[in-house]
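Below: the structure, in structure tokens.
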Number of protein chains: 2
Amino acid sequence: MTLPSIETVVIIGSGNVATHFARAIQKTGKKIIQIYSKHPNSAKLLSREVNASFVKSIKEITKNADLYILAIKDTVIEEVSSLLKIGNNLIVHTSGTVSADILKKASSNFGVIYPLQSFSKDIPVDWKTIPVFIEANNKENEDILLTFIKNITDHVTVMSSEKREIVHLSAVFVNNFVNYLYTIAEDIMKNKQLSFDQLKPLIIETANRIINDNPGNIQTGPAIRKDKKTIQKHLELLSYQKDYADIYSFMTNMIIKSNKTK
Amino acid sequence: MTLPSIETVVIIGSGNVATHFARAIQKTGKKIIQIYSKHPNSAKLLSREVNASFVKSIKEITKNADLYILAIKDTVIEEVSSLLKIGNNLIVHTSGTVSADILKKASSNFGVIYPLQSFSKDIPVDWKTIPVFIEANNKENEDILLTFIKNITDHVTVMSSEKREIVHLSAVFVNNFVNYLYTIAEDIMKNKQLSFDQLKPLIIETANRIINDNPGNIQTGPAIRKDKKTIQKHLELLSYQKDYADIYSFMTNMIIKSNKTK
């Protein structure tokens with residue numbers, strides 16, 4: 001049996017994820033026939049960029065696409081998908097935290113394509129390096145999605161909603177929380193007229209190290225050394241900003257504690 | 001007037017920083033005449049690697065080197081330097097947090113060479129990308145150190161002890177604390193039989209982004225979106241490990257709060 005192949009796609013959404021999906025899909029030679037978004041301006045721009053039709057109303061969305069990709073906020077996936085009239089065509093969302101089942105009401109063929117990356121419209125991405133996690137309501141749809149995504153990246157893994165949630169949660173630690181620590185460091189430097197640029201080589205090196213090394217094995221710094229004198233000095237330097245002193249204490253105590261339990 | 005040039009070096013210490021300094025200095029063609037450390041085995045190994053003499057006792061350290069580099073723990077810099085008999089030869093330490101003045105008793109010519117990088121003996125480093133901060137007791141010594149370090153890297157900045165402390169403090173946030181977040185993520189993934197490898201492309205991308213973008217401008221995730229539903233779900237997923245739930249709450253609240261004050 002030959003699997004049906006996805007040739008035509010409708011994208012719902014025009015934000016960061018929708019934009020990068022649209023660009024990637026267009027490069028594979030598949031046809032994006034329509035783009036709908038509740039933000040008409042960005043949807044128009046994106047439609048033009050990838051040679052798709054822009055549709056103003058959800059009612060104008062065609063019934064005849066092979067795949068519908070919902071790249072919209074987690075909180076509106078259920079509502080928007082319930083408004084679609086797409087028969088039993090295949091529909092997916094792109095969320096890390098929302099279960100696949102939420103799409104049941106929209107179609108009997110449904111799934112998830114979750115790319116593990118933090119997208120911004122203006123920053124080009126190299127899809128070949130992005131892990132993508134897929135899930136579908138049955139094996140056939142899983143295979144259809146696998147074949148489709150392999151045009152974009154080889155890093156595809158079939159994964160349950162339950163495990164995808166864990167990946168998303170972990171991503172919050174290594175992406176969102178890490179970026180917030182960068183922001184704090186930038187602010188601490190700026191407060192003494194120092195340039196954040198000075199920290200960039202260390203930031204890059206810190207990330208690159210985990211390619212070959214387990215992060216638990218390469219922990220350094222005053223906390224793991226239990227260097228109380230330096231910790232005390234750092235807390236004094238941070239006394240001008242209670243929040244930063246608090247986060248310093250909190251992280252330091254966690255590192256000391258984790259080392260004890262090893 | 002021609003500045004005296006550093007041709008001969010003694011290294012005190014044989015840990016990660018001492019090792020990378022020794023390797024870098026040897027490459028410049030300068031002569032490392034002696035290496036002393038209270039860990040004789042690693043000092044012997046390093047001496048052999050860089051063609052230096054290994055000395056067993058601090059009393060055997062020569063009086064005739066152009067530069068003495070103390071690459072030892074912050075807490076022993078004062079004690080070890082006070083035991084040296086080096087006349088008025090130039091001596092430096094390599095610490096981010098210890099002031100230069102601590103070396104006053106060892107010699108009237110003193111300073112600091114602080115490389116902003118997290119070194120491990122086994123991981124090669126590209127010195128050309130490492131920012132190095134120097135300080136000296138007077139302009140002439142500053143210039144001597146500048147000339148010397150420029151053989152190793154062009155990223156050299158003259159910086160006071162006070163500002164160097166701030167750089168070191170910021171480095172704790174972007175290196176030590178960030179690495180600890182990686183460790184937590186690895187543990188969360190492992191707990192559900194998921195591989196940390198899946199997170200690596202996101203980790204690299206998160207670091208690379210700050211090269212061109214201000215981290216404060218690219219904060220994403222449930223906290224900045226005030227996505228209470230996802231935050232609640234994540235806290236439930238972390239309920240098996242109170243420390244991780246605590247750090248999640250703490251960071252999330254900080255991000256929400258920082259966004260409000262903007």
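Chain labels A, B, ... are given in the sequence in which chains occur in the structure tokens; within each chain residues are numbered consecutively from 1, and ligands are likewise numbered from 1 in the order shown.
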
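Excluding stretch 18-20 of chain A and any residue on its chain fewer than 3 positions from it, the residues at most 7 Å away by only C-alpha atoms are Ile11, Gly13, Ser14, Gly15, Arg23, Ala24, Leu46, Ala71 and Lys121 of chain A.
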
Can you write out the residues you just picked, keeping all heavy atoms, as a compact mmCIF listing (two decimals), in the first residue's frame?
# COMPACT_ATOMS: atom_id res chain seq x y z
N ILE A 11 -2.16 26.78 6.44
CA ILE A 11 -1.56 27.18 7.71
C ILE A 11 -2.48 28.16 8.41
O ILE A 11 -2.93 29.15 7.82
CB ILE A 11 -0.16 27.79 7.50
CG1 ILE A 11 0.78 26.68 7.01
CG2 ILE A 11 0.37 28.42 8.79
CD1 ILE A 11 2.19 27.13 6.73
N GLY A 13 -2.54 30.65 11.45
CA GLY A 13 -1.58 31.34 12.30
C GLY A 13 -0.59 32.09 11.42
O GLY A 13 -0.37 31.73 10.26
N SER A 14 -0.02 33.17 11.94
CA SER A 14 0.98 33.92 11.18
C SER A 14 2.07 34.47 12.09
O SER A 14 2.72 35.45 11.79
CB SER A 14 0.30 35.06 10.41
OG SER A 14 -0.34 35.93 11.35
N GLY A 15 2.24 33.80 13.24
CA GLY A 15 3.27 34.22 14.18
C GLY A 15 4.61 33.58 13.87
O GLY A 15 4.87 33.19 12.73
N ARG A 23 7.81 28.93 5.62
CA ARG A 23 9.03 29.05 4.81
C ARG A 23 9.64 27.68 4.51
O ARG A 23 10.07 27.40 3.39
CB ARG A 23 10.06 29.91 5.54
CG ARG A 23 9.69 31.38 5.56
CD ARG A 23 10.66 32.18 6.42
NE ARG A 23 10.23 33.57 6.52
CZ ARG A 23 10.60 34.40 7.50
NH1 ARG A 23 11.42 33.98 8.46
NH2 ARG A 23 10.17 35.65 7.53
N ALA A 24 9.65 26.81 5.54
CA ALA A 24 10.27 25.49 5.38
C ALA A 24 9.46 24.64 4.40
O ALA A 24 10.02 23.94 3.55
CB ALA A 24 10.39 24.80 6.73
N LEU A 46 2.83 37.18 5.18
CA LEU A 46 3.34 35.81 5.09
C LEU A 46 2.82 35.12 3.83
O LEU A 46 3.57 34.43 3.13
CB LEU A 46 2.96 35.03 6.35
CG LEU A 46 3.48 33.59 6.43
CD1 LEU A 46 4.99 33.53 6.34
CD2 LEU A 46 3.00 32.91 7.74
N ALA A 71 -0.79 26.73 13.94
CA ALA A 71 0.36 27.27 14.68
C ALA A 71 -0.12 28.52 15.40
O ALA A 71 0.17 29.65 15.01
CB ALA A 71 1.51 27.57 13.72
N LYS A 121 10.57 35.55 13.98
CA LYS A 121 10.39 35.73 12.54
C LYS A 121 11.66 36.16 11.82
O LYS A 121 11.98 35.68 10.74
CB LYS A 121 9.32 36.80 12.28
CG LYS A 121 7.91 36.28 12.44
CD LYS A 121 6.90 37.37 12.08
CE LYS A 121 5.51 36.93 12.52
NZ LYS A 121 4.47 37.90 12.19

Can you build me a table of chain A residues sitting at most 7 Å from chain B, with the closest atom pair per residue and its distance in Å to one decimal, using only C-alpha atoms, sorted by chain and residue number, as a tab-separated table?
residue	atom	partner	partner_atom	distance
A:Leu116	CA	B:Leu202	CA	6.8
A:Gln117	CA	B:Leu202	CA	5.6
A:Thr129	CA	B:Pro201	CA	6.4
A:Ile130	CA	B:Pro201	CA	6.4
A:Pro131	CA	B:Gln198	CA	6.6
A:Ile166	CA	B:Met189	CA	6.7
A:Val167	CA	B:Met189	CA	6.8
A:Leu169	CA	B:His234	CA	6.2
A:Ser170	CA	B:Ala185	CA	4.8
A:Ala171	CA	B:Leu199	CA	6.9
A:Val172	CA	B:Gly221	CA	6.6
A:Phe173	CA	B:Leu181	CA	5.9
A:Val174	CA	B:Tyr182	CA	5.8
A:Asn175	CA	B:Thr206	CA	5.8
A:Asn176	CA	B:Gly221	CA	5.7
A:Phe177	CA	B:Met251	CA	6.7
A:Val178	CA	B:Val178	CA	5.6
A:Asn179	CA	B:Pro215	CA	6.0
A:Tyr180	CA	B:Gln219	CA	6.9
A:Leu181	CA	B:Phe173	CA	5.9
A:Tyr182	CA	B:Val174	CA	5.8
A:Thr183	CA	B:Pro215	CA	5.3
A:Ala185	CA	B:Ser170	CA	4.8
A:Ile188	CA	B:Ser170	CA	6.7
A:Met189	CA	B:Ile166	CA	6.7
A:Gln198	CA	B:Pro131	CA	6.6
A:Leu199	CA	B:Ala171	CA	6.9
A:Lys200	CA	B:Ile211	CA	6.8
A:Pro201	CA	B:Ile130	CA	6.4
A:Leu202	CA	B:Gln117	CA	5.6
A:Ile203	CA	B:Val174	CA	6.0
A:Ile204	CA	B:Ala207	CA	5.7
A:Thr206	CA	B:Asn175	CA	5.8
A:Ala207	CA	B:Ile204	CA	5.7
A:Asn208	CA	B:Ile204	CA	6.6
A:Ile211	CA	B:Lys200	CA	6.8
A:Pro215	CA	B:Thr183	CA	5.3
A:Gly216	CA	B:Thr183	CA	5.3
A:Gln219	CA	B:Asn176	CA	6.4
A:Thr220	CA	B:Asn176	CA	5.9
A:Gly221	CA	B:Asn176	CA	5.7
A:His234	CA	B:Leu169	CA	6.2
A:Met251	CA	B:Phe177	CA	6.6

How about saving the chosen residues, C-alpha atoms kept, as a PDB file, in the first residue's frame?
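Once everything was written out, this is result-v8.pdb:
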ATOM      1  CA  LEU A 116      11.801  22.071  19.660  1.00  0.00           C
ATOM      2  CA  GLN A 117      13.128  25.516  18.932  1.00  0.00           C
ATOM      3  CA  THR A 129      19.371  20.827  13.309  1.00  0.00           C
ATOM      4  CA  ILE A 130      15.911  21.173  14.895  1.00  0.00           C
ATOM      5  CA  PRO A 131      14.431  18.119  16.641  1.00  0.00           C
ATOM      6  CA  ILE A 166       8.333  16.740  29.570  1.00  0.00           C
ATOM      7  CA  VAL A 167      10.470  17.885  26.650  1.00  0.00           C
ATOM      8  CA  LEU A 169       9.085  21.588  30.414  1.00  0.00           C
ATOM      9  CA  SER A 170      12.810  20.870  30.110  1.00  0.00           C
ATOM     10  CA  ALA A 171      13.025  23.405  27.292  1.00  0.00           C
ATOM     11  CA  VAL A 172      11.677  26.057  29.657  1.00  0.00           C
ATOM     12  CA  PHE A 173      14.703  25.448  31.886  1.00  0.00           C
ATOM     13  CA  VAL A 174      17.370  25.456  29.142  1.00  0.00           C
ATOM     14  CA  ASN A 175      15.845  28.199  26.999  1.00  0.00           C
ATOM     15  CA  ASN A 176      13.524  30.559  28.907  1.00  0.00           C
ATOM     16  CA  PHE A 177      15.200  30.392  32.318  1.00  0.00           C
ATOM     17  CA  VAL A 178      18.709  30.436  30.840  1.00  0.00           C
ATOM     18  CA  ASN A 179      17.852  33.493  28.769  1.00  0.00           C
ATOM     19  CA  TYR A 180      16.541  35.161  31.904  1.00  0.00           C
ATOM     20  CA  LEU A 181      19.893  34.553  33.636  1.00  0.00           C
ATOM     21  CA  TYR A 182      21.582  36.222  30.638  1.00  0.00           C
ATOM     22  CA  THR A 183      19.253  39.196  31.150  1.00  0.00           C
ATOM     23  CA  ALA A 185      23.920  39.330  33.966  1.00  0.00           C
ATOM     24  CA  ILE A 188      24.464  43.647  36.538  1.00  0.00           C
ATOM     25  CA  MET A 189      27.182  44.549  34.022  1.00  0.00           C
ATOM     26  CA  GLN A 198      32.476  40.740  27.421  1.00  0.00           C
ATOM     27  CA  LEU A 199      30.375  37.777  28.601  1.00  0.00           C
ATOM     28  CA  LYS A 200      29.473  36.435  25.164  1.00  0.00           C
ATOM     29  CA  PRO A 201      32.464  34.120  24.616  1.00  0.00           C
ATOM     30  CA  LEU A 202      31.817  32.521  28.025  1.00  0.00           C
ATOM     31  CA  ILE A 203      28.116  32.086  27.215  1.00  0.00           C
ATOM     32  CA  ILE A 204      28.905  30.356  23.927  1.00  0.00           C
ATOM     33  CA  THR A 206      29.183  27.186  28.401  1.00  0.00           C
ATOM     34  CA  ALA A 207      26.607  25.981  25.885  1.00  0.00           C
ATOM     35  CA  ASN A 208      29.115  24.250  23.606  1.00  0.00           C
ATOM     36  CA  ILE A 211      27.801  18.777  23.434  1.00  0.00           C
ATOM     37  CA  PRO A 215      26.458  19.156  32.577  1.00  0.00           C
ATOM     38  CA  GLY A 216      26.416  17.463  35.995  1.00  0.00           C
ATOM     39  CA  GLN A 219      29.675  22.247  37.286  1.00  0.00           C
ATOM     40  CA  THR A 220      32.166  24.881  38.463  1.00  0.00           C
ATOM     41  CA  GLY A 221      31.961  28.076  40.517  1.00  0.00           C
ATOM     42  CA  HIS A 234      28.719  38.346  45.631  1.00  0.00           C
ATOM     43  CA  MET A 251      20.612  28.875  42.948  1.00  0.00           C
TER      44      MET A 251
END

Shell of 10 Å around stretch 53-64 of chain A, only C-alpha atoms, local chain residues under 2 positions omitted, as a VMD selection string: chain A and resid 8 to 12 32 to 41 43 to 48 50 to 51 66 to 68 80 83 to 89

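The residues of stretch 61-249 of chain A that DSSP assigns to strand (DSSP E) on this backbone come out as A:Leu67, A:Tyr68, A:Ile69, A:Leu70, A:Leu90, A:Ile91, A:Val92, A:His93, A:Phe110, A:Gly111, A:Val112, A:Ile113, A:Tyr114, A:Pro115, A:Val132, A:Phe133, A:Ile134, A:Glu135, A:Ala136, A:Val156, A:Thr157, A:Val158.
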
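When only C-alpha atoms are used to compute distances to A:Trp127, the closest of the residues A:Lys104, A:Lys226, A:Lys27, A:His93 turns out to be A:Lys27.
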
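Here atom CA of A:Val112 and atom CA of A:Val92 stand 4.7 Å from one another.
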
Might you pull out every residue within 8 Å of A:Phe148, with only C-alpha atoms counted and same-chain residues fewer than 4 positions away left off, and present them as a PyMOL selection string? chain A and resi 5-6+144+152

May I have the residues from that selection written out with N, CA and C atoms, as a short mmCIF file (atom, residue, chain, number, x, y, z; two decimals), in the first residue's frame?
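Saved file again28.cif follows:
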data_model
loop_
_atom_site.label_atom_id
_atom_site.label_comp_id
_atom_site.auth_asym_id
_atom_site.auth_seq_id
_atom_site.Cartn_x
_atom_site.Cartn_y
_atom_site.Cartn_z
N SER A 5 0.24 11.03 0.17
CA SER A 5 1.32 11.98 0.44
C SER A 5 0.73 13.38 0.59
N ILE A 6 1.31 14.15 1.46
CA ILE A 6 0.84 15.52 1.67
C ILE A 6 1.41 16.42 0.58
N ILE A 144 2.43 9.21 7.59
CA ILE A 144 2.24 10.33 6.65
C ILE A 144 2.99 11.57 7.15
N ILE A 152 11.87 18.21 5.70
CA ILE A 152 12.33 19.43 6.38
C ILE A 152 13.52 19.16 7.30
#
